[in-house]
Each structure stands twice: as structure tokens, then as C-alpha cells.
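Shown next: start.cif, given as mmCIF, C-alpha atoms.
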data_coords
#
loop_
_atom_site.group_PDB
_atom_site.id
_atom_site.type_symbol
_atom_site.label_atom_id
_atom_site.label_comp_id
_atom_site.auth_asym_id
_atom_site.auth_seq_id
_atom_site.Cartn_x
_atom_site.Cartn_y
_atom_site.Cartn_z
ATOM 1 C CA MET A 1 -14.662 -0.590 21.202
ATOM 2 C CA PRO A 2 -10.933 -1.227 21.752
ATOM 3 C CA ILE A 3 -8.493 1.418 20.528
ATOM 4 C CA GLU A 4 -6.540 -0.881 18.144
ATOM 5 C CA PRO A 5 -8.909 -0.644 15.129
ATOM 6 C CA ILE A 6 -8.782 3.166 15.396
ATOM 7 C CA PHE A 7 -4.958 3.026 15.635
ATOM 8 C CA VAL A 8 -4.661 0.884 12.519
ATOM 9 C CA LEU A 9 -7.193 3.015 10.627
ATOM 10 C CA THR A 10 -5.339 6.209 11.578
ATOM 11 C CA LEU A 11 -1.967 4.695 10.694
ATOM 12 C CA THR A 12 -3.297 3.622 7.290
ATOM 13 C CA TRP A 13 -4.777 6.992 6.358
ATOM 14 C CA VAL A 14 -1.933 9.092 7.762
ATOM 15 C CA SER A 15 0.550 7.002 5.730
ATOM 16 C CA LEU A 16 -1.531 7.291 2.557
ATOM 17 C CA ILE A 17 -2.087 11.035 2.940
ATOM 18 C CA VAL A 18 1.633 11.609 3.651
ATOM 19 C CA THR A 19 2.409 9.598 0.480
ATOM 20 C CA ALA A 20 -0.042 11.728 -1.540
ATOM 21 C CA LEU A 21 1.474 14.966 -0.165
ATOM 22 C CA TRP A 22 5.017 13.695 -0.841
ATOM 23 C CA LEU A 23 4.042 12.882 -4.445
ATOM 24 C CA ARG A 24 2.511 16.347 -4.825
ATOM 25 C CA LYS A 25 5.641 18.056 -3.469
ATOM 26 C CA ARG A 26 7.894 15.916 -5.650
ATOM 27 C CA GLY A 27 5.757 16.783 -8.686
ATOM 28 C CA ILE A 28 6.020 20.516 -7.943
ATOM 29 C CA ASP A 29 9.817 20.292 -7.460
ATOM 30 C CA ILE A 30 10.228 18.392 -10.746
ATOM 31 C CA GLU A 31 8.116 20.948 -12.651
ATOM 32 C CA LYS A 32 10.221 23.787 -11.189
ATOM 33 C CA SER A 33 13.451 22.056 -12.215
ATOM 34 C CA LEU A 34 12.080 21.425 -15.721
ATOM 35 C CA GLU A 35 11.173 25.117 -16.058
ATOM 36 C CA GLU A 36 14.666 26.139 -14.907
ATOM 37 C CA ILE A 37 16.306 23.855 -17.484
ATOM 38 C CA GLU A 38 14.036 25.136 -20.272
ATOM 39 C CA ASP A 39 14.878 28.759 -19.344
ATOM 40 C CA MET B 1 -13.690 11.058 -22.390
ATOM 41 C CA LYS B 2 -11.474 13.165 -20.137
ATOM 42 C CA PHE B 3 -10.533 11.747 -16.736
ATOM 43 C CA ARG B 4 -12.181 13.856 -14.014
ATOM 44 C CA ASP B 5 -9.792 13.793 -11.075
ATOM 45 C CA ASP B 6 -12.163 15.735 -8.796
ATOM 46 C CA ILE B 7 -15.136 13.402 -9.396
ATOM 47 C CA TYR B 8 -12.949 10.316 -8.938
ATOM 48 C CA ILE B 9 -11.550 11.545 -5.612
ATOM 49 C CA TRP B 10 -15.044 12.397 -4.334
ATOM 50 C CA ILE B 11 -16.323 8.915 -5.221
ATOM 51 C CA THR B 12 -13.228 7.449 -3.523
ATOM 52 C CA ALA B 13 -13.775 9.551 -0.392
ATOM 53 C CA VAL B 14 -17.459 8.548 -0.119
ATOM 54 C CA ALA B 15 -16.620 4.850 -0.732
ATOM 55 C CA ASN B 16 -13.928 4.944 1.952
ATOM 56 C CA LEU B 17 -16.110 6.721 4.513
ATOM 57 C CA LEU B 18 -18.894 4.169 3.939
ATOM 58 C CA ALA B 19 -16.432 1.277 4.192
ATOM 59 C CA ILE B 20 -14.965 2.654 7.445
ATOM 60 C CA TYR B 21 -18.441 3.224 8.918
ATOM 61 C CA PHE B 22 -19.453 -0.320 7.958
ATOM 62 C CA ALA B 23 -16.289 -1.823 9.449
ATOM 63 C CA LEU B 24 -16.459 0.118 12.723
ATOM 64 C CA PHE B 25 -20.193 0.266 13.435
ATOM 65 C CA ILE B 26 -22.211 -2.171 11.305
ATOM 66 C CA ALA B 27 -20.130 -5.370 11.127
ATOM 67 C CA PRO B 28 -20.644 -7.554 14.209
ATOM 68 C CA ALA B 29 -17.981 -8.610 16.706
ATOM 69 C CA GLU B 30 -16.365 -12.007 16.146
ATOM 70 C CA VAL B 31 -16.843 -14.887 18.624
ATOM 71 C CA GLU B 32 -13.189 -15.294 19.618
ATOM 72 C CA LEU B 33 -11.583 -11.975 18.706
ATOM 73 C CA GLY B 34 -14.534 -9.847 19.779
ATOM 74 C CA GLU B 35 -14.319 -6.183 18.733
ATOM 75 C CA LEU B 36 -10.642 -6.627 17.791
ATOM 76 C CA VAL B 37 -11.805 -8.244 14.551
ATOM 77 C CA ARG B 38 -12.358 -4.684 13.230
ATOM 78 C CA VAL B 39 -8.586 -4.333 12.776
ATOM 79 C CA PHE B 40 -8.895 -7.067 10.174
ATOM 80 C CA TYR B 41 -11.047 -4.861 7.849
ATOM 81 C CA PHE B 42 -8.158 -2.391 7.549
ATOM 82 C CA HIS B 43 -5.266 -4.858 7.819
ATOM 83 C CA LEU B 44 -6.273 -7.365 5.118
ATOM 84 C CA PRO B 45 -7.016 -4.779 2.355
ATOM 85 C CA GLY B 46 -3.547 -3.306 3.010
ATOM 86 C CA ALA B 47 -1.920 -6.730 2.687
ATOM 87 C CA ILE B 48 -3.882 -7.551 -0.494
ATOM 88 C CA THR B 49 -2.927 -4.185 -2.020
ATOM 89 C CA THR B 50 0.740 -4.813 -1.162
ATOM 90 C CA TYR B 51 0.669 -8.129 -3.043
ATOM 91 C CA ILE B 52 -1.247 -6.659 -6.004
ATOM 92 C CA MET B 53 1.105 -3.678 -6.373
ATOM 93 C CA LEU B 54 4.250 -5.811 -6.182
ATOM 94 C CA VAL B 55 2.995 -8.441 -8.630
ATOM 95 C CA LEU B 56 1.922 -5.639 -10.994
ATOM 96 C CA SER B 57 5.341 -4.042 -10.562
ATOM 97 C CA ALA B 58 7.119 -7.287 -11.494
ATOM 98 C CA ALA B 59 4.760 -7.930 -14.424
ATOM 99 C CA THR B 60 5.496 -4.493 -15.879
ATOM 100 C CA ALA B 61 9.207 -5.050 -15.197
ATOM 101 C CA ILE B 62 9.021 -8.164 -17.415
ATOM 102 C CA ALA B 63 7.112 -6.133 -20.031
ATOM 103 C CA TYR B 64 9.840 -3.470 -19.847
ATOM 104 C CA LEU B 65 12.582 -6.039 -20.506
ATOM 105 C CA ILE B 66 10.671 -7.198 -23.591
ATOM 106 C CA LYS B 67 9.545 -3.836 -24.998
ATOM 107 C CA LYS B 68 12.128 -1.424 -23.526
ATOM 108 C CA ASP B 69 9.421 1.223 -23.118
ATOM 109 C CA ARG B 70 10.316 3.878 -20.520
ATOM 110 C CA ARG B 71 6.659 4.238 -19.487
ATOM 111 C CA LEU B 72 6.597 0.593 -18.351
ATOM 112 C CA ASP B 73 9.609 1.220 -16.129
ATOM 113 C CA ALA B 74 7.907 4.304 -14.634
ATOM 114 C CA PHE B 75 4.759 2.260 -13.996
ATOM 115 C CA SER B 76 6.758 -0.578 -12.450
ATOM 116 C CA GLN B 77 8.583 1.782 -10.107
ATOM 117 C CA SER B 78 5.368 3.550 -9.063
ATOM 118 C CA CYS B 79 3.766 0.188 -8.208
ATOM 119 C CA ALA B 80 6.820 -0.849 -6.187
ATOM 120 C CA ILE B 81 6.844 2.395 -4.165
ATOM 121 C CA LEU B 82 3.143 2.075 -3.355
ATOM 122 C CA GLY B 83 3.683 -1.614 -2.540
ATOM 123 C CA LEU B 84 6.363 -0.506 -0.106
ATOM 124 C CA VAL B 85 4.005 2.021 1.545
ATOM 125 C CA TYR B 86 1.210 -0.566 1.852
ATOM 126 C CA GLY B 87 3.727 -3.124 3.069
ATOM 127 C CA MET B 88 4.778 -0.767 5.858
ATOM 128 C CA ILE B 89 1.117 -0.185 6.796
ATOM 129 C CA THR B 90 0.534 -3.967 6.821
ATOM 130 C CA LEU B 91 3.574 -4.675 8.993
ATOM 131 C CA ILE B 92 2.892 -1.933 11.563
ATOM 132 C CA GLY B 93 -0.894 -2.524 11.570
ATOM 133 C CA GLY B 94 -0.272 -6.251 11.929
ATOM 134 C CA SER B 95 2.036 -5.775 14.872
ATOM 135 C CA ILE B 96 -0.549 -3.559 16.623
ATOM 136 C CA TRP B 97 -3.057 -6.370 16.133
ATOM 137 C CA ALA B 98 -0.489 -8.942 17.308
ATOM 138 C CA LYS B 99 0.075 -6.977 20.525
ATOM 139 C CA ALA B 100 -3.668 -6.998 21.202
ATOM 140 C CA THR B 101 -4.197 -10.701 20.444
ATOM 141 C CA TRP B 102 -0.836 -12.408 21.119
ATOM 142 C CA GLY B 103 0.464 -9.996 23.770
ATOM 143 C CA VAL B 104 3.616 -9.013 21.813
ATOM 144 C CA TYR B 105 4.196 -6.680 18.892
ATOM 145 C CA TRP B 106 6.555 -9.039 17.123
ATOM 146 C CA ASN B 107 7.184 -12.748 17.655
ATOM 147 C CA TRP B 108 8.901 -13.796 14.392
ATOM 148 C CA ASP B 109 5.827 -15.641 13.203
ATOM 149 C CA PRO B 110 6.400 -17.026 9.652
ATOM 150 C CA ARG B 111 3.868 -14.566 8.173
ATOM 151 C CA GLU B 112 5.466 -11.600 9.971
ATOM 152 C CA THR B 113 8.995 -12.673 9.090
ATOM 153 C CA THR B 114 8.341 -13.398 5.405
ATOM 154 C CA THR B 115 6.398 -10.134 5.000
ATOM 155 C CA LEU B 116 9.336 -8.269 6.556
ATOM 156 C CA ILE B 117 11.673 -10.030 4.075
ATOM 157 C CA LEU B 118 9.335 -8.950 1.249
ATOM 158 C CA TRP B 119 9.375 -5.364 2.482
ATOM 159 C CA LEU B 120 13.171 -5.311 2.838
ATOM 160 C CA ALA B 121 13.534 -6.792 -0.664
ATOM 161 C CA TYR B 122 11.561 -3.860 -2.108
ATOM 162 C CA LEU B 123 13.366 -1.345 0.059
ATOM 163 C CA GLY B 124 16.499 -2.729 -1.594
ATOM 164 C CA TYR B 125 14.820 -2.188 -4.976
ATOM 165 C CA CYS B 126 14.375 1.523 -4.170
ATOM 166 C CA PHE B 127 18.014 1.855 -3.035
ATOM 167 C CA LEU B 128 19.151 0.064 -6.181
ATOM 168 C CA ARG B 129 17.245 2.547 -8.346
ATOM 169 C CA MET B 130 18.762 5.467 -6.455
ATOM 170 C CA SER B 131 22.268 4.095 -6.956
ATOM 171 C CA VAL B 132 22.185 3.851 -10.782
ATOM 172 C CA GLU B 133 22.208 7.148 -12.703
ATOM 173 C CA ASN B 134 21.856 6.025 -16.310
ATOM 174 C CA LEU B 135 18.128 5.739 -17.117
ATOM 175 C CA GLU B 136 18.337 2.708 -19.430
ATOM 176 C CA ARG B 137 20.715 0.835 -17.189
ATOM 177 C CA ARG B 138 18.698 1.675 -14.076
ATOM 178 C CA ALA B 139 15.492 0.429 -15.685
ATOM 179 C CA SER B 140 17.068 -2.859 -16.865
ATOM 180 C CA VAL B 141 18.948 -3.639 -13.642
ATOM 181 C CA SER B 142 15.961 -2.832 -11.435
ATOM 182 C CA ALA B 143 13.604 -4.865 -13.667
ATOM 183 C CA VAL B 144 15.795 -7.956 -13.219
ATOM 184 C CA TYR B 145 16.012 -7.323 -9.461
ATOM 185 C CA ASN B 146 12.231 -6.825 -9.335
ATOM 186 C CA ILE B 147 11.592 -10.210 -10.980
ATOM 187 C CA LEU B 148 13.695 -11.865 -8.277
ATOM 188 C CA ALA B 149 12.215 -9.767 -5.448
ATOM 189 C CA VAL B 150 8.640 -10.682 -6.385
ATOM 190 C CA LEU B 151 9.372 -14.276 -5.316
ATOM 191 C CA THR B 152 8.952 -12.973 -1.762
ATOM 192 C CA VAL B 153 5.228 -12.415 -2.491
ATOM 193 C CA PRO B 154 4.293 -16.136 -2.763
ATOM 194 C CA LEU B 155 6.729 -16.806 0.097
ATOM 195 C CA SER B 156 4.820 -14.369 2.311
ATOM 196 C CA TYR B 157 1.397 -15.521 1.080
ATOM 197 C CA LEU B 158 2.082 -19.228 1.554
ATOM 198 C CA SER B 159 4.192 -18.873 4.707
ATOM 199 C CA PHE B 160 1.499 -20.002 7.113
ATOM 200 C CA ILE B 161 0.837 -23.095 5.006
ATOM 201 C CA LEU B 162 4.544 -23.951 4.809
ATOM 202 C CA TRP B 163 5.344 -23.364 8.486
ATOM 203 C CA PRO B 164 3.317 -23.542 11.712
ATOM 204 C CA SER B 165 1.905 -20.081 12.364
ATOM 205 C CA LEU B 166 -0.319 -18.195 14.771
ATOM 206 C CA HIS B 167 -1.554 -15.909 11.998
ATOM 207 C CA PRO B 168 -5.370 -16.102 11.573
ATOM 208 C CA ARG B 169 -6.532 -17.740 8.362
ATOM 209 C CA LEU B 170 -9.760 -17.493 6.442
ATOM 210 C CA SER B 171 -10.153 -21.154 5.532
ATOM 211 C CA ALA B 172 -13.071 -23.388 6.513
ATOM 212 C CA ASP B 173 -10.867 -25.159 9.078
ATOM 213 C CA GLY B 174 -9.235 -21.902 10.142
ATOM 214 C CA GLU B 175 -9.664 -19.889 13.283
ATOM 215 C CA PHE B 176 -12.140 -17.462 12.004
ATOM 216 C CA GLY B 177 -15.410 -17.775 10.334
ATOM 217 C CA LEU B 178 -16.901 -14.667 8.773
ATOM 218 C CA THR B 179 -20.584 -13.813 8.654
ATOM 219 C CA SER B 180 -22.056 -12.268 5.496
ATOM 220 C CA THR B 181 -21.986 -8.768 7.067
ATOM 221 C CA MET B 182 -18.301 -9.238 7.901
ATOM 222 C CA ILE B 183 -17.591 -10.293 4.316
ATOM 223 C CA GLN B 184 -19.500 -7.217 3.065
ATOM 224 C CA ALA B 185 -17.416 -4.949 5.318
ATOM 225 C CA LEU B 186 -14.239 -6.604 4.080
ATOM 226 C CA ILE B 187 -15.174 -6.336 0.396
ATOM 227 C CA MET B 188 -16.198 -2.683 0.845
ATOM 228 C CA ASN B 189 -12.833 -1.883 2.447
ATOM 229 C CA ILE B 190 -10.886 -3.758 -0.227
ATOM 230 C CA PHE B 191 -12.832 -1.990 -3.011
ATOM 231 C CA ALA B 192 -12.531 1.478 -1.403
ATOM 232 C CA GLY B 193 -8.821 0.906 -0.768
ATOM 233 C CA ILE B 194 -8.227 -0.105 -4.391
ATOM 234 C CA LEU B 195 -10.057 3.050 -5.569
ATOM 235 C CA PHE B 196 -7.718 5.239 -3.525
ATOM 236 C CA THR B 197 -4.688 3.227 -4.636
ATOM 237 C CA GLY B 198 -5.728 3.834 -8.255
ATOM 238 C CA TRP B 199 -5.697 7.578 -7.613
ATOM 239 C CA LEU B 200 -2.311 7.420 -5.860
ATOM 240 C CA MET B 201 -0.951 5.221 -8.641
ATOM 241 C CA ARG B 202 -1.966 7.737 -11.316
ATOM 242 C CA LYS B 203 -0.191 10.522 -9.388
ATOM 243 C CA ALA B 204 2.941 8.436 -8.782
ATOM 244 C CA TYR B 205 3.144 7.374 -12.441
ATOM 245 C CA LYS B 206 2.808 10.944 -13.747
ATOM 246 C CA VAL B 207 5.468 12.188 -11.310
ATOM 247 C CA GLN B 208 7.821 9.374 -12.327
ATOM 248 C CA LEU B 209 7.388 10.105 -16.042
ATOM 249 C CA ARG B 210 8.142 13.803 -15.488
ATOM 250 C CA ASN B 211 11.147 12.870 -13.345
ATOM 251 C CA ASP B 212 12.519 10.730 -16.180
ATOM 252 C CA GLU B 213 12.003 13.673 -18.576
ATOM 253 C CA LEU B 214 13.897 15.924 -16.169
ATOM 254 C CA GLN B 215 16.805 13.496 -16.021
ATOM 255 C CA LEU B 216 16.932 13.228 -19.823
ATOM 256 C CA LYS B 217 16.924 17.024 -20.149
ATOM 257 C CA ARG B 218 19.697 17.334 -17.570
ATOM 258 C CA VAL B 219 21.833 14.872 -19.538
ATOM 259 C CA GLU B 220 21.068 16.809 -22.751
ATOM 260 C CA ALA B 221 21.980 20.112 -21.077
ATOM 261 C CA ILE B 222 25.310 18.674 -19.860
ATOM 262 C CA GLN B 223 26.073 17.276 -23.336
ATOM 263 C CA ASN B 224 25.235 20.638 -24.972
ATOM 264 C CA ALA B 225 27.449 22.480 -22.471
ATOM 265 C CA ASP B 226 30.363 20.170 -23.390
#
Represent the supplied structure as C-alpha cells.
Amino acid sequence: MPIEPIFVLTLTWVSLIVTALWLRKRGIDIEKSLEEIED
Amino acid sequence: MKFRDDIYIWITAVANLLAIYFALFIAPAEVELGELVRVFYFHLPGAITTYIMLVLSAATAIAYLIKKDRRLDAFSQSCAILGLVYGMITLIGGSIWAKATWGVYWNWDPRETTTLILWLAYLGYCFLRMSVENLERRASVSAVYNILAVLTVPLSYLSFILWPSLHPRLSADGEFGLTSTMIQALIMNIFAGILFTGWLMRKAYKVQLRNDELQLKRVEAIQNAD
């Protein structure tokens, strides 16, 4: 099998997982900031 | 009934693994493209998701302008960001496929060019949102921009009908005919992709709502300090 399908598959999942991790980090940062403001 | 995040993500993971296995090992090679057709099972679902997310984003932007509900703006923005991510995947994945079939990564084909315009239009949407601080104003301005930007979706979709293009098409007179196993692999990948997008969308929407709350509290804190 040529390498291109594996490239595209990897690109897709790496991008989606990075997006999920970025959302998680952003969520944690926002919660921290909210706690600081409430304190 | 309470939404079970863990069960949903397990179902999504299994659906995606099955779809990938089907696309890579079960679906047959195509007559002209050979094994390279497997790129298509990952490329097309990404493109479809891009269109869906951006149309959904514009639809909720219209709903926001009518109802002025902050949750609609948060939903619209979350859709646009995910549309941008899928758009990037579609553009880069497409150019990898183009290199393998056309010999170049980028040749300004109408489909490539109009999809790049679409992507840049939504990148502009994100910059616009970052440049306006007031929540109400940001939501209204970006909703209007979004309604204009979504016109790039039909432009991209219809580009290869409007202009001569090398991009493969799935019509009866097009370059590729799909067997039933190929269609199954494609549908499985579209369905599995949409499941994962749903999960991402839920996360993005919740984060955006909390971010709006944070901004409102910051404004309140500044006003109280004054």
C-alpha cells in the first residue's frame, strides 16, 4: 500500500487530537481564571 | 437521561477503528487510482465535515441575530473553529493526494483555490472575533461576517462544475465509480468522523460558554473596582 493514505490518516487524527488537547487546556485555564476572580 | 461522556467516546473510538480498518484493508483498490483511492475515505469525510460545520455556524449566526442568545453565538463560534480545523485537514490531505496523483502538491485547481478562499475567510472570522472585546458587539459583528463568509461554501462545493477542474468527482459521468464496498467504507468513515466531531463540538461549546462567563465576570470586576 502506498504511504499517502497513512499520511492523510495520521494528519487527520493528529490534528483532531491536538484540537481536543487544546480545548482541554483552554478549559482548565478558564476554570482557573474564574476561580481567581471569584476569590 | 445524563450524557455519558465515557460511553460516547468509547463508541466513537470503536466506530473510528472499524472505519479505518475497512478503508485500509477491506475496501478494494480502484481501477485508475489503485491503492491511492484509500486517501479518499479520509479526505472526503473531512471535506463534508468542513461544509457541515460552517453551514451550521452560519445558521446559528442568523439565529443569534434574531434571538440575541449568547449560547447561539458560542455554538456558532465553536462550529467555525472546528470547520477551520477540518478545512486545514482537507487542504493538506488534499494536497498530499494531489502530489500522488497529479505530481504536484498545489496547482491552483478551482476546487483547491476556492477551498483555500473558504479557509482564509474563516481564519478572518477568528481574527475578527479576537479583535472585538465587547461581547455583544463581537457576537453581532462576527454573525454578520459569518453570513457573508458562508457564501464560500457553495463556491467551493460547486467550483468544479463552474470551472474546468482536475478534481475527481463522484457523478455517473465522473472519473470514479465506486463499488458497494467502497461506498460502505466511505459511509463508515463519514459516520465515525461525525461521531468524533460531535464530541469535539460539545467540548468546544462548553469551553466557549465558560470563556464568555469569564469575560463577563472580568467586566463586572472592573466595574466594581471603579
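On the file presented, the PyMOL selection byres ((chain B and resi 70-72) around 8) picks out Thr60, Ala61, Ala63, Tyr64, Lys68, Asp69, Asp73, Ala74, Phe75, Ser76, Ala139 and Leu209 of chain B.
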If we count all atoms listed in the file, what is near Pro2 in chain A at a cut-off of 8 Å, once residues fewer than 3 positions away on the same chain are taken out, given as number ranges by chain? A: 5; B: 35-36
Got a sec: who's within 9 Å of range 41-45 of chain B, counting all atoms listed in the file, leaving out chain neighbours fewer than 3 positions off, as a list in words?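 The neighbour list is Pro5, Val8, Leu9 and Thr12 of chain A; Ala19, Ile20, Ala23, Leu24, Val37, Arg38, Ile48, Thr49, Thr50, Ile89, Thr90, Leu91, Gly93, Gly94, Trp97, Met182, Ala185, Leu186, Ile187, Met188, Asn189, Ile190, Phe191, Gly193 and Ile194 of chain B.
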If you keep C-alpha atoms, can you produce a file of those selected residues as a short mmCIF file (atom, residue, chain, number, x, y, z; two decimals), in the coordinates of the input?
data_model
loop_
_atom_site.label_atom_id
_atom_site.label_comp_id
_atom_site.auth_asym_id
_atom_site.auth_seq_id
_atom_site.Cartn_x
_atom_site.Cartn_y
_atom_site.Cartn_z
CA PRO A 5 -8.91 -0.64 15.13
CA VAL A 8 -4.66 0.88 12.52
CA LEU A 9 -7.19 3.02 10.63
CA THR A 12 -3.30 3.62 7.29
CA ALA B 19 -16.43 1.28 4.19
CA ILE B 20 -14.96 2.65 7.44
CA ALA B 23 -16.29 -1.82 9.45
CA LEU B 24 -16.46 0.12 12.72
CA VAL B 37 -11.80 -8.24 14.55
CA ARG B 38 -12.36 -4.68 13.23
CA ILE B 48 -3.88 -7.55 -0.49
CA THR B 49 -2.93 -4.18 -2.02
CA THR B 50 0.74 -4.81 -1.16
CA ILE B 89 1.12 -0.18 6.80
CA THR B 90 0.53 -3.97 6.82
CA LEU B 91 3.57 -4.68 8.99
CA GLY B 93 -0.89 -2.52 11.57
CA GLY B 94 -0.27 -6.25 11.93
CA TRP B 97 -3.06 -6.37 16.13
CA MET B 182 -18.30 -9.24 7.90
CA ALA B 185 -17.42 -4.95 5.32
CA LEU B 186 -14.24 -6.60 4.08
CA ILE B 187 -15.17 -6.34 0.40
CA MET B 188 -16.20 -2.68 0.84
CA ASN B 189 -12.83 -1.88 2.45
CA ILE B 190 -10.89 -3.76 -0.23
CA PHE B 191 -12.83 -1.99 -3.01
CA GLY B 193 -8.82 0.91 -0.77
CA ILE B 194 -8.23 -0.10 -4.39
#
For each of B:Ala192, B:Arg129, B:Tyr86, B:Val153, take the minimum atom-to-atom distance to Ile117 in chain B, counting only C-alpha atoms, then give the residue where this is smallest.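 Counting only C-alpha atoms, the residue closest to Ile117 in chain B is B:Val153.
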What separation in Å, quoted to one decimal, exists between CA of Val14 in chain B and CA of Ile3 in chain A?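 Atom-to-atom, CA of Val14 in chain B and CA of Ile3 in chain A are spaced 23.6 Å apart.
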Output check: residues returned by the PyMOL selection byres ((chain A and resi 17-29) around 7), as a PyMOL selection string: (chain A and resi 13-16+30-33) or (chain B and resi 200+203-204+207)
Export, as an mmCIF file, in the frame of the given file, the selected residues with C-alpha atoms.
data_model
loop_
_atom_site.group_PDB
_atom_site.id
_atom_site.type_symbol
_atom_site.label_atom_id
_atom_site.label_comp_id
_atom_site.auth_asym_id
_atom_site.auth_seq_id
_atom_site.Cartn_x
_atom_site.Cartn_y
_atom_site.Cartn_z
ATOM 1 C CA TRP A 13 -4.777 6.992 6.358
ATOM 2 C CA VAL A 14 -1.933 9.092 7.762
ATOM 3 C CA SER A 15 0.550 7.002 5.730
ATOM 4 C CA LEU A 16 -1.531 7.291 2.557
ATOM 5 C CA ILE A 30 10.228 18.392 -10.746
ATOM 6 C CA GLU A 31 8.116 20.948 -12.651
ATOM 7 C CA LYS A 32 10.221 23.787 -11.189
ATOM 8 C CA SER A 33 13.451 22.056 -12.215
ATOM 9 C CA LEU B 200 -2.311 7.420 -5.860
ATOM 10 C CA LYS B 203 -0.191 10.522 -9.388
ATOM 11 C CA ALA B 204 2.941 8.436 -8.782
ATOM 12 C CA VAL B 207 5.468 12.188 -11.310
#
